[in-house]
Each structure stands twice: as C-alpha cells, then as structure tokens.
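So this block is structure.txt, compact mmCIF, C-alpha atoms:
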```
# COMPACT_ATOMS: atom_id res chain seq x y z
CA MET A 1 -3.76 -64.25 -55.28
CA ALA A 2 -5.26 -67.45 -56.75
CA ALA A 3 -2.77 -70.21 -57.36
CA GLN A 4 -4.38 -73.60 -57.77
CA LYS A 5 -5.79 -75.23 -60.90
CA SER A 6 -9.22 -76.76 -60.35
CA ALA A 7 -10.96 -78.33 -63.36
CA PRO A 8 -14.75 -78.47 -63.66
CA LYS A 9 -16.11 -81.94 -63.01
CA SER A 10 -16.86 -82.86 -66.66
CA GLU A 11 -16.03 -86.24 -68.21
CA ALA A 12 -13.35 -86.36 -70.92
CA PRO A 13 -15.38 -85.41 -74.03
CA ALA A 14 -14.80 -85.59 -77.80
CA PRO A 15 -12.71 -82.68 -79.25
CA SER A 16 -15.58 -80.64 -80.74
CA SER A 17 -17.59 -81.12 -77.54
CA THR A 18 -14.56 -79.93 -75.58
CA ARG A 19 -14.49 -76.69 -77.55
CA ARG A 20 -18.21 -76.15 -76.93
CA SER A 21 -17.81 -76.98 -73.23
CA GLU A 22 -14.86 -74.63 -72.86
CA LYS A 23 -16.88 -71.85 -74.47
CA SER A 24 -19.85 -72.49 -72.14
CA ARG A 25 -17.61 -72.69 -69.10
CA ARG A 26 -16.05 -69.32 -69.87
CA ALA A 27 -19.46 -67.75 -70.55
CA ILE A 28 -20.68 -69.05 -67.18
CA TYR A 29 -17.64 -67.67 -65.37
CA ASP A 30 -18.04 -64.29 -67.06
CA ALA A 31 -21.75 -64.17 -66.22
CA ALA A 32 -21.20 -65.11 -62.56
CA LEU A 33 -18.48 -62.48 -62.08
CA ALA A 34 -20.45 -59.78 -63.89
CA LEU A 35 -23.61 -60.46 -61.86
CA VAL A 36 -21.80 -60.31 -58.53
CA VAL A 37 -20.34 -56.93 -59.47
CA GLU A 38 -23.70 -55.64 -60.75
CA VAL A 39 -26.35 -57.00 -58.36
CA GLY A 40 -24.30 -58.40 -55.46
CA TYR A 41 -23.84 -61.96 -54.29
CA PRO A 42 -27.18 -62.46 -52.48
CA ARG A 43 -29.15 -61.58 -55.65
CA THR A 44 -26.96 -63.65 -57.97
CA THR A 45 -28.71 -66.94 -58.80
CA ILE A 46 -27.93 -70.03 -60.88
CA GLU A 47 -30.93 -69.05 -63.07
CA GLY A 48 -29.51 -65.57 -63.59
CA ILE A 49 -26.05 -66.89 -64.42
CA ALA A 50 -27.53 -69.40 -66.92
CA ALA A 51 -29.67 -66.74 -68.62
CA ARG A 52 -26.78 -64.31 -68.95
CA ALA A 53 -24.37 -67.00 -70.16
CA GLY A 54 -26.91 -68.26 -72.73
CA VAL A 55 -26.83 -71.82 -71.41
CA GLY A 56 -29.41 -74.06 -69.75
CA LYS A 57 -29.56 -74.31 -65.94
CA GLN A 58 -28.78 -78.02 -66.30
CA THR A 59 -25.46 -77.21 -67.96
CA ILE A 60 -24.43 -75.39 -64.79
CA TYR A 61 -25.75 -78.09 -62.45
CA ARG A 62 -23.86 -80.74 -64.47
CA TRP A 63 -20.57 -79.09 -63.46
CA TRP A 64 -21.24 -77.32 -60.16
CA SER A 65 -23.44 -77.92 -57.14
CA SER A 66 -24.09 -74.32 -56.01
CA LYS A 67 -23.65 -70.69 -57.01
CA ALA A 68 -20.88 -70.43 -54.42
CA GLU A 69 -18.99 -73.19 -56.28
CA VAL A 70 -19.46 -71.42 -59.62
CA LEU A 71 -18.29 -68.11 -58.21
CA MET A 72 -15.29 -69.68 -56.51
CA GLU A 73 -14.10 -71.38 -59.70
CA ALA A 74 -14.82 -68.27 -61.75
CA PHE A 75 -12.75 -66.24 -59.31
CA LEU A 76 -9.97 -68.84 -59.36
CA ASP A 77 -9.99 -68.74 -63.16
CA LEU A 78 -9.88 -64.94 -63.12
CA GLY A 79 -6.68 -65.10 -61.08
CA GLU A 80 -5.15 -67.68 -63.43
CA GLU A 81 -6.02 -65.67 -66.52
CA ALA A 82 -4.55 -62.52 -64.97
CA ALA A 83 -1.36 -64.40 -64.10
CA LYS A 84 -1.16 -65.82 -67.63
CA ALA A 85 -1.68 -62.35 -69.13
CA ALA A 86 1.12 -61.02 -66.91
CA GLY A 87 3.30 -63.91 -68.14
CA ASP A 88 3.99 -65.26 -64.66
CA GLU A 89 2.33 -68.66 -64.59
CA PRO A 90 2.82 -70.83 -62.57
CA TYR A 91 2.68 -67.98 -60.11
CA ALA A 92 5.31 -67.70 -57.40
CA ILE A 93 6.59 -64.82 -55.30
CA PRO A 94 9.80 -63.59 -56.96
CA ASP A 95 13.12 -64.35 -55.32
CA THR A 96 15.52 -61.52 -56.13
CA GLY A 97 17.55 -62.26 -53.01
CA ASP A 98 16.03 -59.18 -51.31
CA LEU A 99 13.28 -60.60 -49.10
CA ALA A 100 11.85 -57.24 -48.01
CA ALA A 101 11.63 -55.98 -51.60
CA ASP A 102 10.02 -59.22 -52.80
CA LEU A 103 7.36 -59.17 -50.06
CA LYS A 104 6.67 -55.47 -50.57
CA GLY A 105 6.25 -56.07 -54.30
CA VAL A 106 3.69 -58.84 -53.93
CA LEU A 107 1.73 -56.88 -51.30
CA ARG A 108 1.64 -53.85 -53.61
CA ALA A 109 0.30 -56.11 -56.38
CA THR A 110 -2.31 -57.41 -53.93
CA ILE A 111 -3.43 -53.84 -53.21
CA ASP A 112 -3.77 -53.26 -56.96
CA GLN A 113 -6.08 -56.31 -57.12
CA MET A 114 -8.11 -55.18 -54.08
CA THR A 115 -8.81 -51.82 -55.68
CA ASP A 116 -9.91 -53.45 -58.96
CA PRO A 117 -13.71 -53.94 -58.78
CA ARG A 118 -13.47 -57.08 -60.95
CA PHE A 119 -11.53 -58.73 -58.11
CA ASP A 120 -12.91 -56.80 -55.14
CA ALA A 121 -16.61 -57.60 -55.64
CA PRO A 122 -16.35 -61.42 -55.97
CA ALA A 123 -13.60 -61.71 -53.34
CA ARG A 124 -15.62 -59.65 -50.85
CA ALA A 125 -18.81 -61.57 -51.70
CA LEU A 126 -17.13 -64.91 -51.04
CA ALA A 127 -15.59 -63.61 -47.80
CA ALA A 128 -18.89 -62.14 -46.58
CA GLU A 129 -20.82 -65.33 -47.32
CA GLY A 130 -18.08 -67.31 -45.57
CA LEU A 131 -18.37 -65.27 -42.39
CA VAL A 132 -21.83 -66.65 -41.68
CA ASN A 133 -21.35 -69.98 -43.49
CA GLU A 134 -18.49 -71.91 -41.94
CA ALA A 135 -18.56 -74.75 -44.51
CA LEU A 136 -18.28 -72.34 -47.43
CA SER A 137 -15.58 -70.39 -45.61
CA ARG A 138 -13.49 -73.52 -45.12
CA GLU A 139 -13.86 -74.35 -48.83
CA TYR A 140 -12.97 -70.75 -49.80
CA VAL A 141 -9.90 -70.92 -47.60
CA ALA A 142 -8.84 -74.35 -48.89
CA LYS A 143 -9.32 -73.53 -52.57
CA LEU A 144 -8.42 -69.85 -52.76
CA LEU A 145 -6.81 -68.36 -49.71
CA GLU A 146 -4.50 -71.09 -48.45
CA PRO A 147 -2.89 -71.77 -51.88
CA SER A 148 -1.94 -68.10 -52.14
CA LEU A 149 -0.67 -68.07 -48.54
CA GLN A 150 1.49 -71.10 -49.36
CA LEU A 151 3.35 -68.91 -51.88
CA TYR A 152 4.51 -66.81 -48.92
CA VAL A 153 5.43 -69.96 -47.00
CA ALA A 154 7.64 -71.05 -49.93
CA ARG A 155 9.33 -67.64 -50.15
CA LEU A 156 9.92 -67.50 -46.39
CA ARG A 157 11.43 -71.03 -46.45
CA THR A 158 13.87 -69.91 -49.14
CA ALA A 159 14.66 -66.89 -46.96
CA GLN A 160 15.35 -69.22 -44.03
CA GLU A 161 17.79 -71.21 -46.19
CA ALA A 162 19.46 -67.93 -47.16
CA GLY A 163 19.71 -66.91 -43.48
CA ASP A 164 17.34 -63.95 -43.89
CA VAL A 165 14.69 -65.40 -41.55
CA ARG A 166 15.42 -67.11 -38.23
CA PRO A 167 15.38 -70.92 -38.54
CA ASP A 168 12.99 -71.34 -35.57
CA VAL A 169 10.28 -69.19 -37.20
CA ASP A 170 7.12 -70.99 -38.45
CA PRO A 171 6.58 -69.49 -41.94
CA ARG A 172 2.84 -70.23 -41.90
CA ILE A 173 2.40 -68.01 -38.83
CA ALA A 174 5.05 -65.47 -39.85
CA LEU A 175 3.31 -64.52 -43.11
CA GLU A 176 0.23 -63.45 -41.13
CA LEU A 177 2.16 -60.54 -39.61
CA PHE A 178 1.95 -58.68 -42.93
CA VAL A 179 -0.87 -60.47 -44.80
CA SER A 180 -3.57 -60.38 -42.09
CA PRO A 181 -3.35 -56.64 -41.31
CA LEU A 182 -3.92 -55.84 -44.99
CA ALA A 183 -6.78 -58.37 -45.15
CA GLN A 184 -8.45 -56.86 -42.08
CA ARG A 185 -8.17 -53.27 -43.31
CA TRP A 186 -9.60 -54.35 -46.66
CA LEU A 187 -12.48 -56.46 -45.30
CA GLN A 188 -13.44 -54.45 -42.22
CA TYR A 189 -12.51 -50.91 -43.29
CA THR A 190 -10.37 -50.55 -40.15
CA GLY A 191 -7.90 -48.20 -41.82
CA PRO A 192 -6.59 -46.81 -45.10
CA ILE A 193 -4.63 -49.04 -47.50
CA SER A 194 -1.54 -47.80 -49.32
CA TYR A 195 1.83 -49.03 -50.60
CA GLU A 196 3.47 -47.15 -47.74
CA TYR A 197 1.31 -49.03 -45.25
CA THR A 198 2.18 -52.52 -46.56
CA ASP A 199 5.86 -51.55 -46.92
CA THR A 200 5.77 -50.57 -43.22
CA LEU A 201 4.16 -53.89 -42.26
CA VAL A 202 6.98 -55.79 -43.98
CA ASP A 203 9.67 -53.69 -42.28
CA TYR A 204 8.07 -54.09 -38.83
CA ALA A 205 7.60 -57.85 -39.31
CA LEU A 206 11.16 -58.48 -40.49
CA HIS A 207 12.93 -56.24 -38.01
CA GLY A 208 10.56 -56.38 -35.04
CA LEU A 209 9.08 -53.67 -32.87
CA ALA A 210 11.69 -53.97 -30.12
CA PRO A 211 14.99 -52.10 -30.44
CA ARG A 212 17.72 -54.21 -32.06
CA ALA A 213 20.66 -53.08 -29.94
CA ARG A 214 20.25 -51.85 -26.35
CA MET B 1 -12.60 -55.58 -25.83
CA ALA B 2 -15.22 -52.84 -25.72
CA ALA B 3 -13.97 -49.69 -24.09
CA GLN B 4 -16.20 -46.71 -24.77
CA LYS B 5 -19.33 -45.57 -22.93
CA SER B 6 -22.19 -44.68 -25.23
CA ALA B 7 -25.51 -43.68 -23.66
CA PRO B 8 -28.85 -44.25 -25.41
CA LYS B 9 -30.28 -41.05 -26.83
CA SER B 10 -32.97 -40.49 -24.16
CA GLU B 11 -33.65 -37.12 -22.55
CA ALA B 12 -32.78 -36.69 -18.86
CA PRO B 13 -35.93 -38.10 -17.17
CA ALA B 14 -37.37 -38.04 -13.64
CA PRO B 15 -35.86 -40.57 -11.19
CA SER B 16 -38.67 -43.17 -11.29
CA SER B 17 -38.83 -42.89 -15.05
CA THR B 18 -35.06 -43.38 -15.15
CA ARG B 19 -35.40 -46.66 -13.25
CA ARG B 20 -38.11 -47.85 -15.63
CA SER B 21 -36.04 -46.78 -18.66
CA GLU B 22 -32.95 -48.50 -17.34
CA LYS B 23 -34.92 -51.69 -16.82
CA SER B 24 -36.35 -51.51 -20.37
CA ARG B 25 -32.96 -50.73 -21.84
CA ARG B 26 -31.42 -53.78 -20.18
CA ALA B 27 -34.33 -56.00 -21.25
CA ILE B 28 -33.88 -54.80 -24.85
CA TYR B 29 -30.13 -55.49 -24.77
CA ASP B 30 -30.68 -58.96 -23.32
CA ALA B 31 -33.36 -59.74 -25.91
CA ALA B 32 -31.21 -58.55 -28.84
CA LEU B 33 -28.19 -60.58 -27.71
CA ALA B 34 -30.26 -63.70 -27.00
CA LEU B 35 -32.01 -63.54 -30.39
CA VAL B 36 -28.76 -63.17 -32.33
CA VAL B 37 -27.36 -66.25 -30.58
CA GLU B 38 -30.58 -68.23 -31.09
CA VAL B 39 -31.85 -67.31 -34.57
CA GLY B 40 -28.93 -65.42 -36.11
CA TYR B 41 -28.62 -61.78 -37.10
CA PRO B 42 -30.59 -61.87 -40.39
CA ARG B 43 -33.69 -63.24 -38.62
CA THR B 44 -33.42 -60.90 -35.63
CA THR B 45 -35.95 -58.05 -36.00
CA ILE B 46 -36.93 -54.97 -33.99
CA GLU B 47 -40.37 -56.60 -33.57
CA GLY B 48 -38.78 -59.77 -32.21
CA ILE B 49 -36.57 -57.85 -29.81
CA ALA B 50 -39.54 -55.80 -28.56
CA ALA B 51 -41.70 -58.89 -28.02
CA ARG B 52 -39.00 -60.73 -26.13
CA ALA B 53 -38.11 -57.68 -24.02
CA GLY B 54 -41.78 -57.06 -23.20
CA VAL B 55 -41.70 -53.49 -24.52
CA GLY B 56 -43.45 -51.73 -27.38
CA LYS B 57 -41.70 -51.33 -30.73
CA GLN B 58 -41.90 -47.56 -30.25
CA THR B 59 -39.81 -47.80 -27.07
CA ILE B 60 -37.00 -49.23 -29.17
CA TYR B 61 -37.42 -46.72 -32.01
CA ARG B 62 -37.36 -43.85 -29.47
CA TRP B 63 -33.78 -44.77 -28.55
CA TRP B 64 -32.32 -46.49 -31.64
CA SER B 65 -32.76 -46.21 -35.39
CA SER B 66 -32.04 -49.81 -36.47
CA LYS B 67 -31.49 -53.32 -35.18
CA ALA B 68 -27.80 -52.91 -35.97
CA GLU B 69 -27.69 -49.92 -33.58
CA VAL B 70 -29.45 -51.90 -30.85
CA LEU B 71 -27.12 -54.84 -31.27
CA MET B 72 -24.04 -52.64 -31.27
CA GLU B 73 -24.98 -50.90 -28.03
CA ALA B 74 -26.05 -54.19 -26.47
CA PHE B 75 -22.68 -55.66 -27.40
CA LEU B 76 -20.85 -52.60 -26.07
CA ASP B 77 -22.79 -52.88 -22.82
CA LEU B 78 -21.97 -56.60 -22.58
CA GLY B 79 -18.27 -55.75 -22.71
CA GLU B 80 -18.68 -53.03 -20.05
CA GLU B 81 -20.62 -55.33 -17.74
CA ALA B 82 -17.99 -58.07 -18.15
CA ALA B 83 -15.23 -55.58 -17.36
CA LYS B 84 -17.15 -54.33 -14.30
CA ALA B 85 -17.70 -57.91 -13.10
CA ALA B 86 -13.98 -58.59 -13.51
CA GLY B 87 -13.30 -55.42 -11.50
CA ASP B 88 -11.18 -53.79 -14.19
CA GLU B 89 -13.15 -50.76 -15.27
CA PRO B 90 -12.10 -48.44 -16.84
CA TYR B 91 -10.41 -51.12 -18.88
CA ALA B 92 -6.77 -50.76 -19.88
CA ILE B 93 -4.08 -53.22 -20.89
CA PRO B 94 -2.02 -53.92 -17.74
CA ASP B 95 1.47 -52.47 -17.51
CA THR B 96 3.59 -54.85 -15.45
CA GLY B 97 6.76 -53.58 -17.13
CA ASP B 98 6.92 -56.80 -19.20
CA LEU B 99 5.46 -55.80 -22.58
CA ALA B 100 5.44 -59.30 -24.07
CA ALA B 101 3.66 -60.76 -21.05
CA ASP B 102 1.09 -57.95 -21.00
CA LEU B 103 0.26 -58.35 -24.70
CA LYS B 104 0.11 -62.14 -24.43
CA GLY B 105 -2.24 -61.81 -21.47
CA VAL B 106 -4.73 -59.55 -23.23
CA LEU B 107 -4.67 -61.70 -26.39
CA ARG B 108 -5.35 -64.81 -24.29
CA ALA B 109 -8.31 -62.99 -22.71
CA THR B 110 -9.50 -62.07 -26.22
CA ILE B 111 -9.41 -65.76 -27.21
CA ASP B 112 -11.49 -66.59 -24.14
CA GLN B 113 -14.07 -64.03 -25.33
CA MET B 114 -14.02 -65.35 -28.90
CA THR B 115 -14.80 -68.87 -27.72
CA ASP B 116 -17.68 -67.64 -25.53
CA PRO B 117 -20.88 -67.88 -27.64
CA ARG B 118 -22.37 -64.85 -25.82
CA PHE B 119 -19.62 -62.74 -27.38
CA ASP B 120 -18.89 -64.72 -30.52
CA ALA B 121 -22.41 -64.66 -32.01
CA PRO B 122 -23.07 -60.88 -31.80
CA ALA B 123 -19.48 -59.95 -32.70
CA ARG B 124 -19.52 -62.22 -35.75
CA ALA B 125 -23.00 -60.99 -36.75
CA LEU B 126 -21.86 -57.36 -36.64
CA ALA B 127 -18.68 -58.17 -38.57
CA ALA B 128 -20.57 -60.16 -41.23
CA GLU B 129 -23.15 -57.43 -41.73
CA GLY B 130 -20.33 -54.89 -41.94
CA LEU B 131 -18.58 -56.79 -44.73
CA VAL B 132 -21.40 -56.04 -47.15
CA ASN B 133 -22.53 -52.78 -45.52
CA GLU B 134 -19.70 -50.25 -45.50
CA ALA B 135 -21.61 -47.62 -43.47
CA LEU B 136 -22.40 -50.08 -40.69
CA SER B 137 -18.84 -51.39 -40.79
CA ARG B 138 -17.42 -47.91 -40.28
CA GLU B 139 -19.77 -47.38 -37.32
CA TYR B 140 -18.84 -50.79 -35.87
CA VAL B 141 -15.17 -49.92 -36.21
CA ALA B 142 -15.59 -46.43 -34.73
CA LYS B 143 -17.72 -47.52 -31.76
CA LEU B 144 -16.37 -50.96 -30.98
CA LEU B 145 -13.17 -51.98 -32.71
CA GLU B 146 -11.10 -48.79 -32.73
CA PRO B 147 -11.62 -48.00 -29.00
CA SER B 148 -10.26 -51.43 -28.11
CA LEU B 149 -7.36 -51.03 -30.55
CA GLN B 150 -6.52 -47.70 -28.90
CA LEU B 151 -5.84 -49.62 -25.68
CA TYR B 152 -2.98 -51.32 -27.53
CA VAL B 153 -1.81 -47.96 -28.86
CA ALA B 154 -1.64 -46.64 -25.28
CA ARG B 155 0.29 -49.68 -24.04
CA LEU B 156 2.73 -49.50 -26.98
CA ARG B 157 3.32 -45.78 -26.33
CA THR B 158 4.21 -46.56 -22.71
CA ALA B 159 6.54 -49.26 -24.03
CA GLN B 160 8.18 -46.70 -26.31
CA GLU B 161 8.76 -44.41 -23.32
CA ALA B 162 10.29 -47.36 -21.46
CA GLY B 163 12.55 -48.12 -24.44
CA ASP B 164 10.90 -51.49 -25.16
CA VAL B 165 9.59 -50.43 -28.59
CA ARG B 166 11.58 -48.46 -31.16
CA PRO B 167 10.68 -44.75 -31.11
CA ASP B 168 10.13 -44.63 -34.90
CA VAL B 169 7.40 -47.32 -34.79
CA ASP B 170 3.78 -46.21 -35.42
CA PRO B 171 1.83 -47.93 -32.60
CA ARG B 172 -1.44 -47.91 -34.59
CA ILE B 173 0.17 -50.02 -37.33
CA ALA B 174 2.35 -52.07 -34.97
CA LEU B 175 -0.59 -53.49 -33.03
CA GLU B 176 -1.98 -55.01 -36.23
CA LEU B 177 0.96 -57.44 -36.40
CA PHE B 178 -0.54 -59.46 -33.55
CA VAL B 179 -4.20 -58.34 -33.48
CA SER B 180 -5.09 -58.78 -37.18
CA PRO B 181 -3.80 -62.37 -37.55
CA LEU B 182 -6.01 -63.44 -34.64
CA ALA B 183 -8.97 -61.53 -36.08
CA GLN B 184 -8.52 -63.15 -39.49
CA ARG B 185 -8.24 -66.70 -38.11
CA TRP B 186 -11.33 -66.07 -36.01
CA LEU B 187 -13.46 -64.47 -38.74
CA GLN B 188 -12.34 -66.46 -41.78
CA TYR B 189 -11.44 -69.81 -40.21
CA THR B 190 -7.97 -69.61 -41.80
CA GLY B 191 -6.31 -71.55 -39.00
CA PRO B 192 -6.61 -72.82 -35.43
CA ILE B 193 -6.61 -70.39 -32.49
CA SER B 194 -4.70 -71.12 -29.27
CA TYR B 195 -2.76 -69.34 -26.53
CA GLU B 196 0.43 -70.76 -28.06
CA TYR B 197 -0.48 -69.18 -31.40
CA THR B 198 -1.06 -65.67 -30.01
CA ASP B 199 2.04 -65.95 -27.77
CA THR B 200 4.01 -66.73 -30.94
CA LEU B 201 2.53 -63.72 -32.76
CA VAL B 202 3.68 -61.42 -29.95
CA ASP B 203 7.19 -62.89 -29.94
CA TYR B 204 7.51 -62.62 -33.73
CA ALA B 205 6.19 -59.05 -33.75
CA LEU B 206 8.46 -57.82 -30.96
CA HIS B 207 11.64 -59.56 -32.07
CA GLY B 208 11.12 -59.73 -35.83
CA LEU B 209 11.47 -62.55 -38.31
CA ALA B 210 15.02 -61.64 -39.36
CA PRO B 211 17.98 -62.87 -37.30
CA ARG B 212 19.06 -60.41 -34.60
CA ALA B 213 22.82 -60.97 -34.80
CA ARG B 214 24.48 -62.14 -38.03
```
Show this structure as structure tokens.
Amino acid sequence: MAAQKSAPKSEAPAPSSTRRSEKSRRAIYDAALALVVEVGYPRTTIEGIAARAGVGKQTIYRWWSSKAEVLMEAFLDLGEEAAKAAGDEPYAIPDTGDLAADLKGVLRATIDQMTDPRFDAPARALAAEGLVNEALSREYVAKLLEPSLQLYVARLRTAQEAGDVRPDVDPRIALELFVSPLAQRWLQYTGPISYEYTDTLVDYALHGLAPRAR
Amino acid sequence: MAAQKSAPKSEAPAPSSTRRSEKSRRAIYDAALALVVEVGYPRTTIEGIAARAGVGKQTIYRWWSSKAEVLMEAFLDLGEEAAKAAGDEPYAIPDTGDLAADLKGVLRATIDQMTDPRFDAPARALAAEGLVNEALSREYVAKLLEPSLQLYVARLRTAQEAGDVRPDVDPRIALELFVSPLAQRWLQYTGPISYEYTDTLVDYALHGLAPRAR
C-alpha cells in the first residue's frame, strides 16, 4: 500500500558513517515494528525501541520527533521493502487493459497484506491512534494512505483515456467505492473479508447497482 | 442512525420505582454523553458518570457492566430521542419512489449528525475504542452500526422489487459503496465531507463508473 519515499532527516554523512547510520535506522525500524506487534502501540515507547535496537535514545531523537513518526516511517519502509522483494518498485497498479481484473488483483493483494500480522498490527495501531488524534491522522493520511490512493487515481485516469470509465467521473471519489468498504470491514469488523467480496465491490462499482438496460 | 430498542437489564419494578429508575437512567445517559464530549472517552469513568448523574456507582453497575456499555446505550437512546423529536419513529429510510433522492437525503442527514458534536464525540469515541478492542467493536457493530445499515438493506430490497436495482445485487454489500466512503472520510479524515460528495457517491454507485452505452 505504501508508495512514497521519505528519507530520515539526517545530514549527508561520510561513507562509513552512512553505513553505520543505515544499520541503526534499520534496527530502529525493526524494533518499532516488532514492539507494536508484541506489546501494542500504547505500550511502545522511544526508550523501548532504543533498547531493542541497541542504540541510544538520542540517536532516535536526532532523526524523529515522536514514536508515531518512527512507526510511520518504519511502516513506509516495510511497504517499500516488500515491493522491492516482489520486484515491482516503483509500485504502480498494473495496466493489462482489463480494468476490472487489475483492480481486483490489487485489492486481493491488499487483503493478503491485511491478514499478515506484520502489516496489520502497525497499520491498525496508526489508524487507531489517528482516530483520536486528528493531527497524527492527517499526517498518516498524507504520508501513507493518500499516496497509495493516488495509485488508483492514476489507473482510473488511464481507464478514462481508454474509454473504460466515464470522462465525467472524479477518480479520487470513484476509488472510494471499492477501497473504503474494504477499509471499513477491516478496521471496524463490520463484515467478513474475502477475494469474492472485493471482486464483487469492483463489479458493482464499475457496472452500477441500477439495471443497465430497461 | 440508531434503530434498535435495547432496554437496561432491570427487573420489572413497581410504578413509582419505575419513575425513579427512568429518571436515574436518563441522568446517567446525559452524564456519560456530556463527559465524553468534555473530557474524552479515555478519561470518562463510571465514578465520574455516577457523580455527575447524582447516583451511586452501584446504581450504574446494577444495569451495566462497563463504561463502554453505558456509553453505547446512551448513544442508542440519543438516536431514538432524536428520531422521536423529528417524528419519524420507528425510523426507516423514506420510499418516495425515487431511490437516488431517498439515499441522498438520508446521507445528508447523516452528515448533519456527524457535524453535531453531541453525536460526533460519542460515536468517534466508540469507534476509536473498537479499533483496538475487537470484542467491543463487534458489540458496537451489532447494536449500533448494523441496525442502521439494515435500513439501507430494506430500502435497496424495495428498490429491487421496483426494478431500480438489479436483482442479482447483494444489498448488504451494495450499501457499502456509498456508506463506507463517508464513514472513512469521517473517521480517518481522508477527505472533505459535503452534501455534494455524498450525492456523487450515490450517483456513481447507482449508475456505475463504466460508460453505459458504448
């Protein structure tokens, strides 16, 4: 889901220092993600992350201003690493010419992520914190959610050029017809999640609920 | 949005006792709702609710097992009282024969609720708590969210009988195309909320994103 590169706020260092910094940065990310899975977001602290990563607290504060920032960048990095491992970086929604199939494919991949505890725990922690912390939520949306939604916007624009989506449709709203239902079922446990469910959402959104010929 | 009657778990009492109980129950609801707006859900306690309502803690524990239970029933009651005041109880989505207009109307009314702090604060508090508390979330969904979603199911079924919605469409999934986007924008601050936005969701959902005649 993550799509945007965001570098930690370090100065350009000497090469050997860069290697050390990169190693520390990765250890900090790993520690933050592991702690959120193991003890939950509320009990994850900068001190705990530092101890587990084997770095000083000041190393973390040099690069990030809060545990939410650390977790957000760690989560972003997790998405980038997963995309790299899958060989599809920079990530984009495939364009096979079959819009329905492409959207169904990416939603199925999203379900796979949601059911992976390494993604589910930090994503849910950030979303939960955001619900009662509007500033954090807006940062989470800007850094994590919106970049991934823009991938759908791009694919829907291509579909408009190909004549597969009406030209008067606003892609930024249109994507919500299949993305938001999945998000709500995942976050609020309002219903079961399956490939069949997201396939259905895509079909309903593309073809509409009203009869086509009357 | 609330649609289901749920009585507190008191025994059938004598008439004068009933009046006293009813007065206490309402004072407890009012106190719970006021505290959540004023100090937030995490700092709302059974003790605080009891003090503000002018009842003993044991009065609350006789009827409810947790502050989440109190808040949920208070919120449910708030919805029932609002519906009664508006003269539309039992609440149902109107059927004027114009499905799009009926859905747009109820979504506009939902926006009005969401921007009313008396509804927004407790609804958001329950949703936030539910995000990190699956058991509470499932109760919140069963008691509050699902009953209001079933109103859409009923209206969509009528629309199917009238030939305005395809017979093969599952109404329980279909409603999510316009309800979930609004819920996500409201809960996660993913975008602005307006009547024009929800009107657009209804139009997209009914008519589909794909061109109708090619």
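For stretch 200-213 of chain A, the non-local neighbours within 6 Å, defined as residues at least 6 positions apart in the same chain or in other chains and counting only C-alpha atoms, are A:Phe178, B:Asp164, B:Val165, B:Arg166, B:Ala205, B:Leu206, B:His207, B:Gly208, B:Leu209, B:Ala210.
Every protein or nucleic acid residue with an atom no more than 7 Å from stretch 56-62 of chain A, counting all atoms listed in the file and leaving out same-chain residues fewer than 6 positions away, appears here: A:Ile46, A:Glu47, A:Ala50.
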Per-residue nearest contacts stretch 163-200 of chain B to stretch 116-124 of chain B, cut-off 12 Å, using all atoms listed in the file, as a tab-separated table:
```
residue	atom	partner	partner_atom	distance
B:Ala183	CA	B:Arg124	CA	10.6
B:Gln184	CA	B:Arg124	CA	11.7
B:Trp186	CA	B:Arg124	CA	9.1
B:Leu187	CA	B:Arg124	CA	7.1
B:Gln188	CA	B:Arg124	CA	10.3
B:Tyr189	CA	B:Arg124	CA	11.9
```
Deliver the residues from the most recent selection as a file, using C-alpha atoms, as an mmCIF file, in the frame of the given file.
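To be explicit, this is the file written out as out00.cif:
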```cif
data_model
loop_
_atom_site.group_PDB
_atom_site.id
_atom_site.type_symbol
_atom_site.label_atom_id
_atom_site.label_comp_id
_atom_site.auth_asym_id
_atom_site.auth_seq_id
_atom_site.Cartn_x
_atom_site.Cartn_y
_atom_site.Cartn_z
ATOM 1 C CA ALA B 183 -8.970 -61.530 -36.080
ATOM 2 C CA GLN B 184 -8.520 -63.150 -39.490
ATOM 3 C CA TRP B 186 -11.330 -66.070 -36.010
ATOM 4 C CA LEU B 187 -13.460 -64.470 -38.740
ATOM 5 C CA GLN B 188 -12.340 -66.460 -41.780
ATOM 6 C CA TYR B 189 -11.440 -69.810 -40.210
#
```
Skip B:Tyr197 itself and residues of its chain fewer than 5 positions away, then list as a PyMOL selection string all residues within 9 Å of it, counting only C-alpha atoms.
-> (chain A and resi 173) or (chain B and resi 182+192+202)
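The space between atom CA of A:Arg19 and atom CA of A:Val37 spans 27.4 Å.
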Which value, in Å to one decimal, gives the distance between atom CA of B:Pro181 and atom CA of A:Ser180?
->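 Atom-to-atom, atom CA of B:Pro181 to atom CA of A:Ser180, that is 5.0 Å.
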Kindly indicate which residue among A:Ala92, A:Leu136, A:Leu175, A:Leu131 lies nearest to chain B, using only C-alpha atoms for the distances.
->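 Comparing A:Ala92, A:Leu136, A:Leu175, A:Leu131 against chain B, the winner is A:Leu131.
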When distances are computed from all atoms listed in the file, which of B:Thr18, B:Thr44, B:Ser194, B:Gln160 shows the smallest separation from B:Gly97?
->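 Selected residue with least distance to B:Gly97: B:Gln160.
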